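Shown next: run_14.cif, given as mmCIF, C-alpha atoms and all ligand atoms.
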```
data_target
#
loop_
_atom_site.label_atom_id
_atom_site.label_comp_id
_atom_site.auth_asym_id
_atom_site.auth_seq_id
_atom_site.Cartn_x
_atom_site.Cartn_y
_atom_site.Cartn_z
CA MET A 1362 29.79 -21.31 -24.26
CA GLU A 1363 32.31 -21.42 -21.40
CA LYS A 1364 34.96 -18.73 -21.38
CA ILE A 1365 38.41 -19.70 -22.65
CA LEU A 1366 41.04 -18.13 -20.38
CA ARG A 1367 43.60 -16.05 -22.25
CA LEU A 1368 47.17 -16.68 -21.10
CA GLY A 1369 50.45 -14.87 -21.72
CA ILE A 1370 53.95 -16.07 -20.79
CA ILE A 1371 56.49 -13.59 -19.44
CA GLY A 1372 60.08 -14.80 -19.68
CA CYS A 1373 60.74 -17.05 -22.69
CA GLY A 1374 63.73 -18.98 -21.36
CA ARG A 1375 64.18 -22.67 -20.74
CA VAL A 1376 61.07 -23.46 -18.73
CA ALA A 1377 58.72 -21.32 -20.83
CA PHE A 1378 59.01 -23.72 -23.78
CA HIS A 1379 58.05 -26.54 -21.45
CA HIS A 1380 54.96 -24.58 -20.34
CA ALA A 1381 53.95 -24.08 -23.97
CA GLU A 1382 54.32 -27.81 -24.61
CA MET A 1383 52.39 -28.78 -21.47
CA LEU A 1384 49.53 -26.42 -22.35
CA LYS A 1385 48.80 -28.28 -25.58
CA GLY A 1386 45.41 -29.91 -25.28
CA VAL A 1387 44.48 -28.36 -21.91
CA ALA A 1388 40.83 -27.38 -22.27
CA GLY A 1389 39.61 -23.96 -21.19
CA ILE A 1390 42.88 -22.03 -21.50
CA GLU A 1391 44.67 -20.67 -24.55
CA LEU A 1392 48.23 -19.40 -24.75
CA VAL A 1393 48.02 -16.27 -26.89
CA ALA A 1394 51.16 -14.20 -26.27
CA ALA A 1395 54.78 -14.45 -25.20
CA CYS A 1396 57.05 -11.74 -23.84
CA ASP A 1397 60.79 -11.57 -23.28
CA LEU A 1398 63.11 -8.62 -22.89
CA ILE A 1399 65.18 -10.24 -25.61
CA ALA A 1400 63.21 -10.00 -28.85
CA ASP A 1401 64.71 -13.16 -30.37
CA LYS A 1402 63.67 -15.23 -27.36
CA ALA A 1403 60.10 -13.92 -27.44
CA LYS A 1404 59.98 -14.55 -31.19
CA ALA A 1405 61.37 -18.06 -30.87
CA LEU A 1406 58.58 -19.11 -28.51
CA ALA A 1407 55.94 -17.11 -30.38
CA ASP A 1408 56.90 -18.70 -33.71
CA LYS A 1409 56.97 -22.19 -32.24
CA ALA A 1410 53.59 -21.90 -30.54
CA GLY A 1411 51.82 -19.53 -32.95
CA LEU A 1412 51.65 -16.55 -30.57
CA LYS A 1413 52.05 -12.81 -30.66
CA ALA A 1414 55.50 -11.71 -29.40
CA TYR A 1415 56.26 -8.78 -27.10
CA THR A 1416 59.38 -7.36 -25.47
CA ASN A 1417 57.52 -5.30 -22.86
CA TYR A 1418 54.98 -7.06 -20.63
CA ARG A 1419 53.14 -3.82 -19.94
CA GLU A 1420 52.41 -3.57 -23.66
CA MET A 1421 51.29 -7.18 -23.69
CA LEU A 1422 48.96 -6.60 -20.74
CA LYS A 1423 47.53 -3.49 -22.38
CA SER A 1424 46.87 -5.17 -25.74
CA GLU A 1425 45.87 -8.75 -25.04
CA ALA A 1426 43.01 -8.74 -22.48
CA LEU A 1427 44.74 -11.55 -20.59
CA ASP A 1428 43.13 -13.46 -17.73
CA VAL A 1429 46.32 -15.18 -16.58
CA VAL A 1430 50.06 -14.71 -16.99
CA THR A 1431 52.77 -17.27 -16.32
CA LEU A 1432 55.82 -15.60 -14.85
CA ALA A 1433 59.01 -17.48 -15.76
CA THR A 1434 61.62 -14.76 -15.28
CA PRO A 1435 64.73 -15.17 -13.08
CA THR A 1436 63.71 -15.89 -9.50
CA GLY A 1437 65.24 -12.79 -7.91
CA ALA A 1438 63.07 -10.58 -10.14
CA HIS A 1439 59.74 -12.29 -9.35
CA TYR A 1440 58.80 -9.88 -6.57
CA ASP A 1441 59.38 -6.75 -8.64
CA HIS A 1442 57.74 -8.25 -11.72
CA VAL A 1443 54.57 -9.47 -9.98
CA LYS A 1444 54.17 -6.16 -8.16
CA ASP A 1445 54.50 -4.22 -11.40
CA ILE A 1446 52.20 -6.59 -13.32
CA LEU A 1447 49.44 -6.38 -10.71
CA ASN A 1448 49.74 -2.62 -10.52
CA CYS A 1449 49.35 -2.46 -14.33
CA HIS A 1450 46.50 -4.89 -14.76
CA PRO A 1451 44.39 -7.21 -12.55
CA VAL A 1452 45.51 -10.57 -13.90
CA HIS A 1453 45.95 -13.97 -12.23
CA VAL A 1454 49.59 -15.04 -12.00
CA LEU A 1455 51.05 -18.53 -12.24
CA LEU A 1456 54.35 -17.94 -10.47
CA GLU A 1457 57.25 -20.29 -11.16
CA LYS A 1458 59.21 -21.68 -8.26
CA PRO A 1459 60.65 -20.35 -6.03
CA MET A 1460 57.78 -17.88 -5.88
CA VAL A 1461 59.88 -15.23 -4.10
CA LEU A 1462 63.11 -15.24 -2.13
CA ARG A 1463 61.85 -13.15 0.83
CA ILE A 1464 58.88 -14.16 2.96
CA ALA A 1465 57.83 -10.54 3.45
CA HIS A 1466 57.74 -10.08 -0.34
CA GLY A 1467 55.39 -13.04 -0.67
CA MET A 1468 53.01 -11.65 1.93
CA GLU A 1469 53.04 -8.26 0.23
CA LEU A 1470 52.28 -9.75 -3.18
CA ASN A 1471 49.46 -11.86 -1.80
CA ALA A 1472 47.88 -8.80 -0.17
CA LEU A 1473 48.22 -6.89 -3.44
CA ALA A 1474 46.61 -9.76 -5.39
CA GLN A 1475 43.70 -9.85 -2.95
CA ALA A 1476 43.25 -6.11 -3.27
CA ARG A 1477 43.21 -6.48 -7.07
CA GLY A 1478 40.74 -9.42 -6.91
CA VAL A 1479 43.13 -11.94 -8.49
CA ARG A 1480 45.09 -14.99 -7.37
CA ILE A 1481 48.76 -15.97 -7.41
CA PHE A 1482 49.20 -19.68 -8.10
CA PRO A 1483 52.53 -21.19 -6.95
CA VAL A 1484 54.08 -23.82 -9.23
CA TYR A 1485 54.97 -26.99 -7.33
CA GLN A 1486 54.06 -29.24 -10.24
CA ASN A 1487 55.61 -32.41 -8.83
CA ARG A 1488 53.00 -32.60 -6.09
CA PHE A 1489 50.65 -33.75 -8.86
CA ASN A 1490 52.81 -36.63 -10.05
CA LYS A 1491 50.82 -39.87 -9.82
CA ALA A 1492 53.44 -41.39 -7.51
CA VAL A 1493 53.36 -38.44 -5.09
CA GLN A 1494 49.55 -38.48 -5.05
CA ARG A 1495 49.54 -42.21 -4.25
CA VAL A 1496 51.79 -41.67 -1.22
CA LYS A 1497 49.69 -38.68 -0.13
CA THR A 1498 46.56 -40.85 -0.24
CA ALA A 1499 48.32 -43.54 1.77
CA LEU A 1500 49.24 -41.02 4.45
CA ILE A 1501 45.67 -39.69 4.60
CA ASN A 1502 43.91 -43.06 4.66
CA GLY A 1503 46.32 -44.64 7.13
CA GLU A 1504 47.94 -47.27 4.85
CA LEU A 1505 51.41 -46.00 5.80
CA GLY A 1506 50.52 -45.16 9.40
CA ASP A 1507 52.19 -42.20 11.14
CA VAL A 1508 55.37 -40.65 9.81
CA VAL A 1509 58.40 -41.98 11.67
CA LEU A 1510 61.10 -40.72 9.26
CA GLY A 1511 60.90 -38.42 6.23
CA THR A 1512 64.02 -38.05 4.08
CA VAL A 1513 65.11 -36.04 1.05
CA ARG A 1514 68.24 -37.16 -0.82
CA LEU A 1515 69.36 -35.13 -3.79
CA ARG A 1516 72.73 -36.06 -5.29
CA TRP A 1517 73.23 -34.09 -8.45
CA CYS A 1518 76.12 -32.73 -10.48
CA ARG A 1519 76.35 -28.98 -11.21
CA PRO A 1520 79.96 -28.22 -12.17
CA GLN A 1521 81.55 -24.77 -12.23
CA ARG A 1522 80.55 -24.22 -15.85
CA TYR A 1523 76.88 -24.38 -14.82
CA TYR A 1524 77.29 -21.52 -12.32
CA ASP A 1525 79.38 -19.58 -14.83
CA LEU A 1526 76.56 -19.58 -17.42
CA ALA A 1527 75.02 -16.40 -15.96
CA SER A 1528 75.95 -13.87 -13.30
CA TRP A 1529 72.78 -14.52 -11.24
CA ARG A 1530 73.31 -18.26 -10.81
CA GLY A 1531 74.05 -19.37 -7.29
CA THR A 1532 73.75 -15.83 -5.90
CA PHE A 1533 71.86 -15.07 -2.70
CA SER A 1534 70.01 -12.19 -4.35
CA MET A 1535 68.74 -13.78 -7.56
CA ASP A 1536 68.80 -17.55 -7.20
CA GLY A 1537 69.76 -19.05 -3.86
CA GLY A 1538 71.79 -22.22 -3.54
CA ALA A 1539 71.09 -25.91 -4.01
CA HIS A 1540 68.22 -25.98 -1.52
CA VAL A 1541 66.40 -23.14 -3.24
CA ASN A 1542 67.00 -23.70 -6.94
CA GLN A 1543 67.20 -27.48 -7.25
CA GLY A 1544 66.09 -28.77 -3.84
CA ILE A 1545 62.85 -26.84 -3.46
CA HIS A 1546 60.69 -29.43 -5.26
CA TYR A 1547 61.81 -32.24 -2.94
CA ILE A 1548 61.69 -30.10 0.20
CA ASP A 1549 58.16 -29.10 -0.79
CA ILE A 1550 57.16 -32.73 -1.34
CA LEU A 1551 58.57 -33.66 2.07
CA ARG A 1552 56.40 -30.96 3.70
CA TYR A 1553 53.39 -31.89 1.57
CA LEU A 1554 53.62 -35.56 2.54
CA ALA A 1555 55.08 -35.69 6.03
CA GLY A 1556 53.43 -32.55 7.36
CA GLU A 1557 54.62 -29.35 8.94
CA ILE A 1558 58.05 -29.16 10.52
CA GLU A 1559 58.60 -27.94 14.05
CA GLU A 1560 62.35 -27.31 14.07
CA VAL A 1561 65.46 -27.70 11.93
CA HIS A 1562 69.24 -27.78 12.26
CA SER A 1563 71.33 -27.28 9.11
CA LEU A 1564 74.91 -27.16 7.96
CA PHE A 1565 75.70 -25.85 4.46
CA ALA A 1566 78.91 -25.75 2.41
CA GLN A 1567 80.33 -25.06 -1.04
CA LEU A 1568 82.14 -28.23 -1.95
CA GLY A 1569 81.97 -28.74 -5.71
CA ALA A 1570 82.08 -25.24 -7.22
CA LYS A 1571 82.65 -21.60 -6.39
CA LEU A 1572 79.30 -19.90 -5.95
CA GLU A 1573 77.97 -17.38 -3.45
CA ALA A 1574 75.35 -19.65 -1.84
CA GLU A 1575 75.59 -23.34 -0.88
CA ASP A 1576 75.90 -26.30 -3.22
CA THR A 1577 75.70 -28.86 -0.41
CA GLY A 1578 73.86 -29.17 2.88
CA VAL A 1579 72.55 -31.54 5.49
CA SER A 1580 69.68 -30.77 7.80
CA ILE A 1581 67.91 -32.69 10.52
CA VAL A 1582 64.28 -31.88 11.11
CA ARG A 1583 61.57 -32.73 13.62
CA PHE A 1584 58.02 -32.85 12.33
CA LYS A 1585 55.13 -31.49 14.34
CA ASN A 1586 53.76 -35.03 14.72
CA GLY A 1587 56.99 -36.05 16.48
CA GLY A 1588 58.56 -37.87 13.53
CA LEU A 1589 62.14 -37.09 12.49
CA GLY A 1590 63.65 -36.31 9.13
CA GLN A 1591 66.74 -35.53 7.13
CA ILE A 1592 67.37 -33.33 4.12
CA GLU A 1593 70.61 -34.17 2.32
CA ILE A 1594 71.29 -32.12 -0.78
CA THR A 1595 74.35 -31.74 -2.94
CA MET A 1596 75.14 -30.43 -6.40
CA ALA A 1597 78.73 -31.64 -5.93
CA ALA A 1598 78.14 -35.26 -6.98
CA ARG A 1599 80.40 -36.15 -9.93
CA PRO A 1600 80.30 -36.96 -12.78
CA ASP A 1601 76.50 -37.26 -13.10
CA ASP A 1602 73.17 -36.77 -11.39
CA PHE A 1603 72.62 -39.89 -9.29
CA GLU A 1604 69.62 -39.58 -7.04
CA ALA A 1605 66.57 -37.48 -6.27
CA SER A 1606 64.43 -39.25 -3.73
CA VAL A 1607 61.92 -38.62 -1.00
CA SER A 1608 61.27 -41.47 1.38
CA ILE A 1609 58.73 -41.94 4.11
CA VAL A 1610 59.10 -44.55 6.81
CA GLY A 1611 55.63 -44.87 8.32
CA SER A 1612 54.56 -46.81 11.39
CA LYS A 1613 52.81 -49.28 9.06
CA GLY A 1614 54.86 -49.18 5.87
CA MET A 1615 57.48 -47.59 3.68
CA ALA A 1616 57.34 -45.48 0.51
CA VAL A 1617 60.18 -44.24 -1.67
CA LEU A 1618 59.72 -41.73 -4.49
CA GLY A 1619 62.48 -41.58 -7.07
CA GLY A 1620 63.15 -41.04 -10.75
CA ILE A 1621 64.34 -37.64 -11.94
CA CYS A 1622 61.46 -35.64 -10.45
CA ALA A 1623 59.67 -37.89 -7.95
CA ASN A 1624 57.92 -39.50 -10.90
CA LYS A 1625 58.56 -43.10 -9.83
CA LEU A 1626 57.13 -44.99 -6.89
CA GLU A 1627 60.16 -47.15 -6.17
CA THR A 1628 59.04 -48.74 -2.91
CA PHE A 1629 55.48 -48.94 -1.64
CA SER A 1630 55.07 -51.68 0.92
CA PRO A 1631 51.28 -51.32 1.48
CA ALA A 1632 50.61 -52.35 -2.16
CA PRO A 1633 53.77 -53.29 -4.12
CA ALA A 1634 51.76 -53.63 -7.36
CA ASP A 1635 51.13 -49.90 -7.19
CA GLN A 1636 54.84 -49.22 -7.70
CA ALA A 1637 54.52 -49.80 -11.45
CA ALA A 1638 50.94 -48.57 -11.71
CA PHE A 1639 51.75 -45.16 -10.22
CA SER A 1640 55.15 -44.58 -11.85
CA GLU A 1641 55.34 -42.36 -14.92
CA GLU A 1642 57.94 -41.90 -17.62
CA VAL A 1643 58.99 -38.26 -18.07
CA PRO A 1644 61.15 -36.82 -20.83
CA MET A 1645 63.07 -34.41 -18.58
CA ALA A 1646 63.47 -33.19 -15.00
CA TYR A 1647 60.60 -30.70 -15.28
CA GLY A 1648 58.30 -33.73 -15.46
CA ILE A 1649 54.82 -33.72 -16.96
CA SER A 1650 52.72 -32.22 -14.20
CA HIS A 1651 52.69 -28.58 -15.33
CA ARG A 1652 49.77 -29.80 -17.48
CA ARG A 1653 47.89 -30.87 -14.34
CA VAL A 1654 48.62 -27.50 -12.73
CA TYR A 1655 47.02 -25.73 -15.72
CA GLU A 1656 44.00 -28.05 -15.62
CA LYS A 1657 43.55 -27.23 -11.95
CA ILE A 1658 43.90 -23.50 -12.60
CA VAL A 1659 41.11 -23.69 -15.17
CA ALA A 1660 38.96 -25.56 -12.64
CA ALA A 1661 39.80 -22.97 -9.96
CA LEU A 1662 39.07 -19.92 -12.10
CA ARG A 1663 36.08 -21.25 -14.04
CA ASP A 1664 34.42 -23.67 -11.64
CA GLY A 1665 35.39 -22.20 -8.28
CA LYS A 1666 37.57 -25.19 -7.31
CA PRO A 1667 40.47 -24.63 -4.87
CA SER A 1668 43.86 -23.46 -6.20
CA PRO A 1669 46.17 -26.37 -7.07
CA VAL A 1670 48.46 -25.10 -4.31
CA ALA A 1671 47.14 -22.32 -2.08
CA PHE A 1672 49.42 -19.30 -1.87
CA GLU A 1673 49.65 -19.64 1.94
CA ASP A 1674 50.69 -23.27 1.54
CA GLY A 1675 53.31 -22.43 -1.09
CA ILE A 1676 54.83 -19.71 1.05
CA LYS A 1677 55.29 -22.19 3.92
CA THR A 1678 57.90 -23.97 1.81
CA ILE A 1679 59.72 -20.63 1.41
CA LYS A 1680 59.51 -20.19 5.20
CA LEU A 1681 61.06 -23.62 5.62
CA LEU A 1682 63.93 -22.66 3.28
CA HIS A 1683 64.56 -19.55 5.39
CA ALA A 1684 64.57 -21.63 8.57
CA LEU A 1685 67.22 -23.91 7.02
CA TYR A 1686 69.32 -20.92 5.93
CA CYS A 1687 69.01 -19.24 9.34
CA SER A 1688 70.00 -22.39 11.16
CA ASN A 1689 73.16 -22.62 9.07
CA GLU A 1690 73.91 -18.90 9.43
CA GLN A 1691 73.38 -18.88 13.19
CA ARG A 1692 74.63 -22.42 13.89
CA ARG A 1693 71.60 -23.31 16.01
CA TRP A 1694 68.25 -25.10 16.05
CA VAL A 1695 65.58 -22.92 14.45
CA ARG A 1696 61.90 -23.38 15.20
CA LEU A 1697 59.53 -22.68 12.30
CA ASP A 1698 57.25 -20.63 14.53
CA GLU A 1699 60.08 -18.12 14.98
CA GLU A 1700 59.31 -17.07 11.35
CA VAL A 1701 62.93 -15.96 10.90
CA GLU A 1702 64.33 -14.75 7.56
CA SER A 1703 67.85 -15.48 6.34
CA ALA A 1704 70.34 -12.61 6.49
CA ARG A 1705 71.42 -13.36 2.90
CA LEU A 1706 68.78 -15.20 0.87
CA GLY A 1707 66.90 -12.69 -1.27
CA GLU A 1708 69.15 -9.77 -0.32
CA ARG A 1709 68.71 -6.98 -2.85
CA ASN A 1710 71.36 -6.55 -5.51
CA GLU A 1711 70.23 -3.61 -7.63
CA LYS A 1712 72.99 -4.18 -10.17
CA LEU A 1713 71.93 -7.75 -10.99
CA LEU A 1714 68.23 -6.91 -10.71
CA SER A 1715 68.41 -3.89 -12.98
CA GLU A 1716 69.05 -6.15 -15.99
CA TYR A 1717 65.49 -7.48 -15.67
CA LEU A 1718 63.39 -4.47 -14.70
CA ILE A 1719 61.57 -2.40 -17.29
CA GLY A 1720 61.71 1.37 -16.97
N1 LIG B 1 59.05 -25.69 -12.09
C1 LIG B 1 60.18 -26.11 -12.61
O1 LIG B 1 60.48 -27.30 -12.66
C2 LIG B 1 61.18 -25.09 -13.12
C3 LIG B 1 62.18 -25.51 -14.01
C4 LIG B 1 63.08 -24.55 -14.49
C5 LIG B 1 62.98 -23.23 -14.08
N2 LIG B 1 62.00 -22.87 -13.18
C6 LIG B 1 61.90 -21.46 -12.72
O2 LIG B 1 61.44 -20.66 -13.80
C7 LIG B 1 62.08 -19.38 -13.75
C8 LIG B 1 62.82 -19.15 -15.07
O3 LIG B 1 63.81 -20.14 -15.21
P1 LIG B 1 64.50 -20.46 -16.63
O4 LIG B 1 65.41 -21.58 -16.39
O5 LIG B 1 63.48 -20.56 -17.70
O6 LIG B 1 65.38 -19.11 -16.80
P2 LIG B 1 65.97 -18.47 -18.14
O7 LIG B 1 67.08 -17.59 -17.70
O8 LIG B 1 66.20 -19.54 -19.16
O9 LIG B 1 64.75 -17.58 -18.67
C9 LIG B 1 64.30 -16.40 -18.03
C10 LIG B 1 63.87 -15.44 -19.13
O10 LIG B 1 63.23 -14.30 -18.54
C11 LIG B 1 63.53 -13.19 -19.36
N3 LIG B 1 63.24 -11.95 -18.64
C12 LIG B 1 63.91 -11.39 -17.61
N4 LIG B 1 63.32 -10.23 -17.25
C13 LIG B 1 62.24 -10.07 -18.06
C14 LIG B 1 61.24 -9.07 -18.18
N5 LIG B 1 61.24 -7.97 -17.42
N6 LIG B 1 60.29 -9.22 -19.13
C15 LIG B 1 60.28 -10.30 -19.96
N7 LIG B 1 61.22 -11.28 -19.89
C16 LIG B 1 62.19 -11.16 -18.95
C17 LIG B 1 65.01 -13.38 -19.70
O11 LIG B 1 65.39 -12.61 -20.81
C18 LIG B 1 65.05 -14.88 -19.95
O12 LIG B 1 64.85 -15.20 -21.32
C19 LIG B 1 63.01 -19.39 -12.52
O13 LIG B 1 62.33 -18.84 -11.41
C20 LIG B 1 63.24 -20.89 -12.30
O14 LIG B 1 63.53 -21.23 -10.95
C21 LIG B 1 61.10 -23.78 -12.73
#
```

Would you mind writing the file's structure down as C-alpha cells?
Ligand SMILES: NC(=O)c1ccc[n+]([C@@H]2O[C@H](COP(=O)([O-])OP(=O)(O)OC[C@H]3O[C@@H](n4cnc5c(N)ncnc54)[C@H](O)[C@@H]3O)[C@@H](O)[C@H]2O)c1
Amino acid sequence: MEKILRLGIIGCGRVAFHHAEMLKGVAGIELVAACDLIADKAKALADKAGLKAYTNYREMLKSEALDVVTLATPTGAHYDHVKDILNCHPVHVLLEKPMVLRIAHGMELNALAQARGVRIFPVYQNRFNKAVQRVKTALINGELGDVVLGTVRLRWCRPQRYYDLASWRGTFSMDGGAHVNQGIHYIDILRYLAGEIEEVHSLFAQLGAKLEAEDTGVSIVRFKNGGLGQIEITMAARPDDFEASVSIVGSKGMAVLGGICANKLETFSPAPADQAAFSEEVPMAYGISHRRVYEKIVAALRDGKPSPVAFEDGIKTIKLLHALYCSNEQRRWVRLDEEVESARLGERNEKLLSEYLIG
C-alpha cells in the first residue's frame, strides 16, 4: 500500500482553516495535528478537523512522525520558524506566502533544507487556477504571441481598522505593505505568465491609512523579452474592493484574468468560448487552488514529480518585490540582476518577533 503522508499545521489562524478545508479528499496525505501558541486556536482547528492539538511545534514534531508541515504563522516569523523546525526534525515544509521577507533568509533556508534532505514548497496557489493555466498554455503554444504589455491592477480597500487589528500589520519587519501582503499573488502571476523582468521603476505611498509600509504604489517594468508592463496596487480604494486583474496584451491576442483571485478568464481573444469554460467560482479570496498544491506535493513526494513551484522560482518573486522596494527607496531604475535588497523590508524587530518565537 502507498504511504499516506502525515501532515501537521503550525499556526491555526485564518488561513489554516482554509488549508484544513482544502485538504479534504486529497488522496495520499492526511492532516493529523495542529499547533498554535494560543491553545484555544489550536483546539478550535483540532476539534473542527478531528486532530491532535499542540501549543509547541517542537512537541508536535517529536510526537507525530510527520512527513510535512504547513507553516501558516505571521510572515515575519517564517525564517526563524522554518530554521528551528528543520533543526529539530527533517520534515518537508509547505511555506505560506510570502515565504520570507529577506532574500538571504530564503537562500539560507533552502540550503538548510537540502542539507536535511527535505524540500520547502512555496505557496502560490493561484498559479493553479484553471484560468491562469489556460493563459500560461496560450503563452507557451503561441496562441497569444509574444508579450507586448503585462499589467497588474489591484484596487482594494483596507481601512485603518484593518491595520489596527494587530501590531505586525503593515510593518516592514513582519508583514510588508500592499505589494507584499496583498499584491504578491498578482505580481507572482505576472512573472509566471509574462516571464522574467529586466528592470523596474517604482513609486510607493501611504494614501489611505497610517501604516509603516506602503498601501499604494505604481511601477513600470521591462520584461526580458522586451515587452513592457505596469504594476498598479492600492489598498486605499473606498468603500470596497473593486478590482484584482492581470492582463496580457500579446502580439496575437489579449487575455485578462479577474475575479477575486485571478479565478476568472474575463477576456481571451484566441478562443472566447474558453472564458466561461476556464472560469471558476470561489467562495473567498484564498480561492480553491490550495487543494491542487497539496495534490502536487503528494505527486512530488511520492511519485518523484517536480514541486508545484520550485523554491528557486518562488524566491524570484521575493527578489522582484525587493527590486520594487529598492527602486522606490532609491528613486531610480533597478535591474533585477543587481540582486539588491530593500533597506527596510524584512528588517529585524526583536520586540514584535519575540511574541512568536518559542524558547
Ligand atoms: N495563500 C494565501 O492566499 C494566504 C491567505 C492568507 C494568509 N496567508 C499567509 O499565511 C500566514 C498566516 O496568515 P493568517 O492570516 O492565517 O495569520 P493569523 O494571524 O490569522 O494566524 C497566524 C497564527 O500563527 C500563530 N503562531 C505564531 N507563532 C507561532 C508559533 N511559534 N507556533 C505556533 N503558532 C504560532 C498565531 O498565534 C496565529 O494564530 C501569513 O504568512 C500570510 O501571509 C496566505

Find the nearest atom pair between each residue of chain A and ligand LIG 1 (chain B) for residues within 8 Å, count all atoms listed in the file, give distances in Å to one decimal, sort rows by chain and ascending number, and present the table as a Markdown table.
```
| residue | atom | partner | partner_atom | distance |
| --- | --- | --- | --- | --- |
| A:Ile1371 | CA | B:LIG1 | C15 | 5.0 |
| A:Gly1372 | CA | B:LIG1 | O10 | 3.4 |
| A:Cys1373 | CA | B:LIG1 | O12 | 4.7 |
| A:Gly1374 | CA | B:LIG1 | O9 | 3.2 |
| A:Arg1375 | CA | B:LIG1 | O5 | 3.8 |
| A:Val1376 | CA | B:LIG1 | O5 | 3.9 |
| A:Ala1377 | CA | B:LIG1 | O5 | 5.7 |
| A:Cys1396 | CA | B:LIG1 | C15 | 5.2 |
| A:Asp1397 | CA | B:LIG1 | N7 | 3.4 |
| A:Leu1398 | CA | B:LIG1 | C15 | 4.4 |
| A:Ile1399 | CA | B:LIG1 | O11 | 5.4 |
| A:Lys1402 | CA | B:LIG1 | O12 | 6.2 |
| A:Ala1403 | CA | B:LIG1 | O12 | 7.9 |
| A:Thr1416 | CA | B:LIG1 | C15 | 6.3 |
| A:Asn1417 | CA | B:LIG1 | N6 | 6.1 |
| A:Tyr1418 | CA | B:LIG1 | N6 | 5.9 |
| A:Leu1432 | CA | B:LIG1 | C7 | 7.4 |
| A:Ala1433 | CA | B:LIG1 | C7 | 4.1 |
| A:Thr1434 | CA | B:LIG1 | O10 | 3.7 |
| A:Pro1435 | CA | B:LIG1 | C19 | 4.6 |
| A:Thr1436 | CA | B:LIG1 | O13 | 3.8 |
| A:Gly1437 | CA | B:LIG1 | O13 | 7.6 |
| A:Ala1438 | CA | B:LIG1 | N4 | 7.1 |
| A:His1439 | CA | B:LIG1 | O13 | 7.3 |
| A:His1442 | CA | B:LIG1 | N5 | 6.7 |
| A:Glu1457 | CA | B:LIG1 | O2 | 5.0 |
| A:Lys1458 | CA | B:LIG1 | O14 | 5.1 |
| A:Pro1459 | CA | B:LIG1 | O14 | 5.8 |
| A:Met1460 | CA | B:LIG1 | O13 | 7.2 |
| A:Val1484 | CA | B:LIG1 | N1 | 6.0 |
| A:Tyr1485 | CA | B:LIG1 | N1 | 6.4 |
| A:Gln1486 | CA | B:LIG1 | N1 | 6.4 |
| A:Asp1536 | CA | B:LIG1 | O14 | 7.4 |
| A:Asn1542 | CA | B:LIG1 | O14 | 5.8 |
| A:His1546 | CA | B:LIG1 | O1 | 7.7 |
| A:Ala1646 | CA | B:LIG1 | O1 | 7.0 |
| A:Tyr1647 | CA | B:LIG1 | O1 | 4.3 |
| A:Gly1648 | CA | B:LIG1 | O1 | 7.3 |
| A:His1651 | CA | B:LIG1 | N1 | 7.7 |
| A:Glu1716 | CA | B:LIG1 | N4 | 7.1 |
| A:Tyr1717 | CA | B:LIG1 | N4 | 3.8 |
| A:Leu1718 | CA | B:LIG1 | N5 | 4.9 |
| A:Ile1719 | CA | B:LIG1 | N5 | 5.6 |
```

Query - 10 Å contact set for Ala1426 in chain A, only C-alpha atoms, chain neighbours under 5 positions out, as an MDAnalysis selection string - result: chainID A and resid 1366:1369 1421 1450 1452

Query - Selected residue, from A:Gly1588, A:Gly1619, A:Gly1578, A:Gly1537, that lies nearest to Ser1606 in chain A when counting all atoms listed in the file - result: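 Of all the options, A:Gly1619 lies closest to Ser1606 in chain A.
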
Give me the range 1541-1643 of chain A side of the contact with range 1684-1699 of chain A, cut-off 10 Å, one line per residue showing its nearest atom pair and distance in Å at one decimal, counting only C-alpha atoms, sorted by chain and residue number, as a Markdown table.
```
| residue | atom | partner | partner_atom | distance |
| --- | --- | --- | --- | --- |
| A:Val1541 | CA | A:Tyr1686 | CA | 9.9 |
| A:Glu1557 | CA | A:Leu1697 | CA | 8.9 |
| A:Ile1558 | CA | A:Leu1697 | CA | 6.9 |
| A:Glu1559 | CA | A:Leu1697 | CA | 5.6 |
| A:Glu1560 | CA | A:Arg1696 | CA | 4.1 |
| A:Val1561 | CA | A:Val1695 | CA | 5.4 |
| A:His1562 | CA | A:Trp1694 | CA | 4.7 |
| A:Ser1563 | CA | A:Asn1689 | CA | 5.0 |
| A:Leu1564 | CA | A:Asn1689 | CA | 5.0 |
| A:Phe1565 | CA | A:Asn1689 | CA | 6.2 |
| A:Ala1566 | CA | A:Asn1689 | CA | 9.3 |
| A:Ala1574 | CA | A:Tyr1686 | CA | 9.9 |
| A:Glu1575 | CA | A:Tyr1686 | CA | 9.6 |
| A:Gly1578 | CA | A:Asn1689 | CA | 9.0 |
| A:Val1579 | CA | A:Leu1685 | CA | 9.4 |
| A:Ser1580 | CA | A:Leu1685 | CA | 7.3 |
| A:Ile1581 | CA | A:Trp1694 | CA | 9.4 |
| A:Val1582 | CA | A:Trp1694 | CA | 9.3 |
| A:Arg1583 | CA | A:Arg1696 | CA | 9.5 |
| A:Ile1592 | CA | A:Leu1685 | CA | 9.9 |
```

Keeping only C-alpha atoms, take the residues you just selected and write them out as a compact mmCIF listing (two decimals), keeping the file's coordinate frame.
```
# COMPACT_ATOMS: atom_id res chain seq x y z
CA VAL A 1541 66.40 -23.14 -3.24
CA GLU A 1557 54.62 -29.35 8.94
CA ILE A 1558 58.05 -29.16 10.52
CA GLU A 1559 58.60 -27.94 14.05
CA GLU A 1560 62.35 -27.31 14.07
CA VAL A 1561 65.46 -27.70 11.93
CA HIS A 1562 69.24 -27.78 12.26
CA SER A 1563 71.33 -27.28 9.11
CA LEU A 1564 74.91 -27.16 7.96
CA PHE A 1565 75.70 -25.85 4.46
CA ALA A 1566 78.91 -25.75 2.41
CA ALA A 1574 75.35 -19.65 -1.84
CA GLU A 1575 75.59 -23.34 -0.88
CA GLY A 1578 73.86 -29.17 2.88
CA VAL A 1579 72.55 -31.54 5.49
CA SER A 1580 69.68 -30.77 7.80
CA ILE A 1581 67.91 -32.69 10.52
CA VAL A 1582 64.28 -31.88 11.11
CA ARG A 1583 61.57 -32.73 13.62
CA ILE A 1592 67.37 -33.33 4.12
```

Report summary line: Using all atoms listed in the file, the best pick from A:Arg1495, A:Arg1419, A:Leu1554, A:Lys1413 as closest to Glu1627 in chain A would be A:Arg1495

Query raised in the report: So, counting all atoms listed in the file, which residue among A:Asp1602, A:Asp1549, A:Asp1408, A:Asp1576 is closest to Gly1675 in chain A?
Result: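 Under the stated criterion, the closest residue is A:Asp1549.
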